[in-house]
Amino acid sequence: MGSELALVAEVVSAAAAVTLVYTTLKPCKSSGIQYLLGVPAGFGLIAIGFMTSVPSLMPNFVPPPVSLVGEVISLLTQTYGLLFISLTYARKTRLRVLGESIILEIALPVIITIGAVTYVLVSDTTTGTVASSLEMPLRLVMALSAFYVLYETERNWSFTQRAGEGVVAVAFGFLFVEQIGFLLTPVDLGVGTFLGYEGRLVGLAILIALTLFRVRKSDVGIVLRRLGLTALAH
């Protein structure tokens, strides 16, 4: 995928993620369950990640050091975002201890940050491969986070058997495909990058549809049900 198309995809992705912050904030806030705010917060971090990746796609206008910083911040914030969302879903699942461990919730981002910053500091930034090398382990964390949410939302749907509550699993399935696509980028740049952006845009589009389509202002709970956030602990 050309840099121009990638730039457009990043801008559209950022707009979609910001939209999800807007559509999920009120339902999660109105629920009175504080930890559900991890969902809009996660999409907010993901939006920041998409926006900060833009400089790296404009090499003719942005100095290499700025581009490198932008790429690292982009990868980290996207990782934090998916991690926050997965930990929110963990509150109502068999991994409830994971979701309710404040120490672990703080430790995971801290460990990821320390590892990423240390790698950047000890690497030769003149080679231009630092962000590419750092991307693989962070993409793996994102893939695991997306797969976990896919697993839990599909599992919840198997209990409810309501078609409208199973679509969210499809959305996170596409976000999982996104991470697999970017993980494959070093092997096949064209196919991997295309698969990554395609999975991301389709996944975000489905989530927007779930949180906007026929949602009455008087029934904010419908958004939580469609996202699988009203499931009983199991």
# chains A, B, ... in the order shown; residues from 1 in each chain; ligands from 1
$ residues_around --residues "Val149 in chain A" --least-positions-apart "4" --cutoff "8 Å" --atoms "only C-alpha atoms" --output "short mmCIF file (atom, residue, chain, number, x, y, z; two decimals) with N, CA, C and O atoms, in the first residue's frame"
data_model
loop_
_atom_site.label_atom_id
_atom_site.label_comp_id
_atom_site.auth_asym_id
_atom_site.auth_seq_id
_atom_site.Cartn_x
_atom_site.Cartn_y
_atom_site.Cartn_z
N ILE A 85 -9.02 -2.13 26.83
CA ILE A 85 -10.29 -2.72 26.44
C ILE A 85 -10.36 -4.19 26.86
O ILE A 85 -11.38 -4.65 27.38
N SER A 86 -9.28 -4.93 26.65
CA SER A 86 -9.28 -6.35 27.02
C SER A 86 -9.39 -6.52 28.53
O SER A 86 -10.08 -7.43 29.01
N TYR A 89 -13.03 -6.09 29.57
CA TYR A 89 -13.82 -7.31 29.35
C TYR A 89 -13.46 -8.41 30.35
O TYR A 89 -14.28 -9.26 30.67
N SER A 145 -4.45 -9.27 22.78
CA SER A 145 -5.53 -8.51 23.41
C SER A 145 -6.80 -8.60 22.57
O SER A 145 -7.90 -8.83 23.10
N THR A 153 -16.23 -12.22 23.72
CA THR A 153 -17.49 -11.77 23.13
C THR A 153 -18.18 -12.92 22.38
O THR A 153 -19.41 -13.04 22.43
N ALA A 169 -18.33 -9.74 18.21
CA ALA A 169 -17.24 -10.71 18.07
C ALA A 169 -16.64 -10.64 16.67
O ALA A 169 -15.42 -10.77 16.50
N PHE A 172 -14.29 -7.52 16.56
CA PHE A 172 -12.99 -7.75 17.17
C PHE A 172 -12.20 -8.81 16.42
O PHE A 172 -10.97 -8.84 16.47
#
$ atom_distance --atom1 "CA of Gly199 in chain A" --atom2 "CA of Glu178 in chain A"
4.5 Å
$ residues_around --residues "Leu140 in chain A" --least-positions-apart "4" --cutoff "8 Å" --atoms "only C-alpha atoms" --output "list in words"
Met136, Leu144, Gln179 and Leu183 of chain A
$ write_last_selection --atoms "N, CA and C atoms" --output "JSON list (two decimals), in the first residue's frame"
[["chain", "number", "residue", "atom", "x", "y", "z"],
["A", 136, "MET", "N", 6.99, -5.51, 16.05],
["A", 136, "MET", "CA", 6.59, -6.91, 16.11],
["A", 136, "MET", "C", 6.13, -7.35, 17.50],
["A", 144, "LEU", "N", -2.87, -10.47, 20.84],
["A", 144, "LEU", "CA", -3.35, -11.27, 21.96],
["A", 144, "LEU", "C", -4.52, -10.58, 22.65],
["A", 179, "GLN", "N", -4.04, -7.01, 13.28],
["A", 179, "GLN", "CA", -2.73, -7.24, 13.90],
["A", 179, "GLN", "C", -1.96, -8.35, 13.17],
["A", 183, "LEU", "N", 1.64, -8.01, 11.38],
["A", 183, "LEU", "CA", 2.71, -8.95, 11.76],
["A", 183, "LEU", "C", 3.31, -9.62, 10.52]]
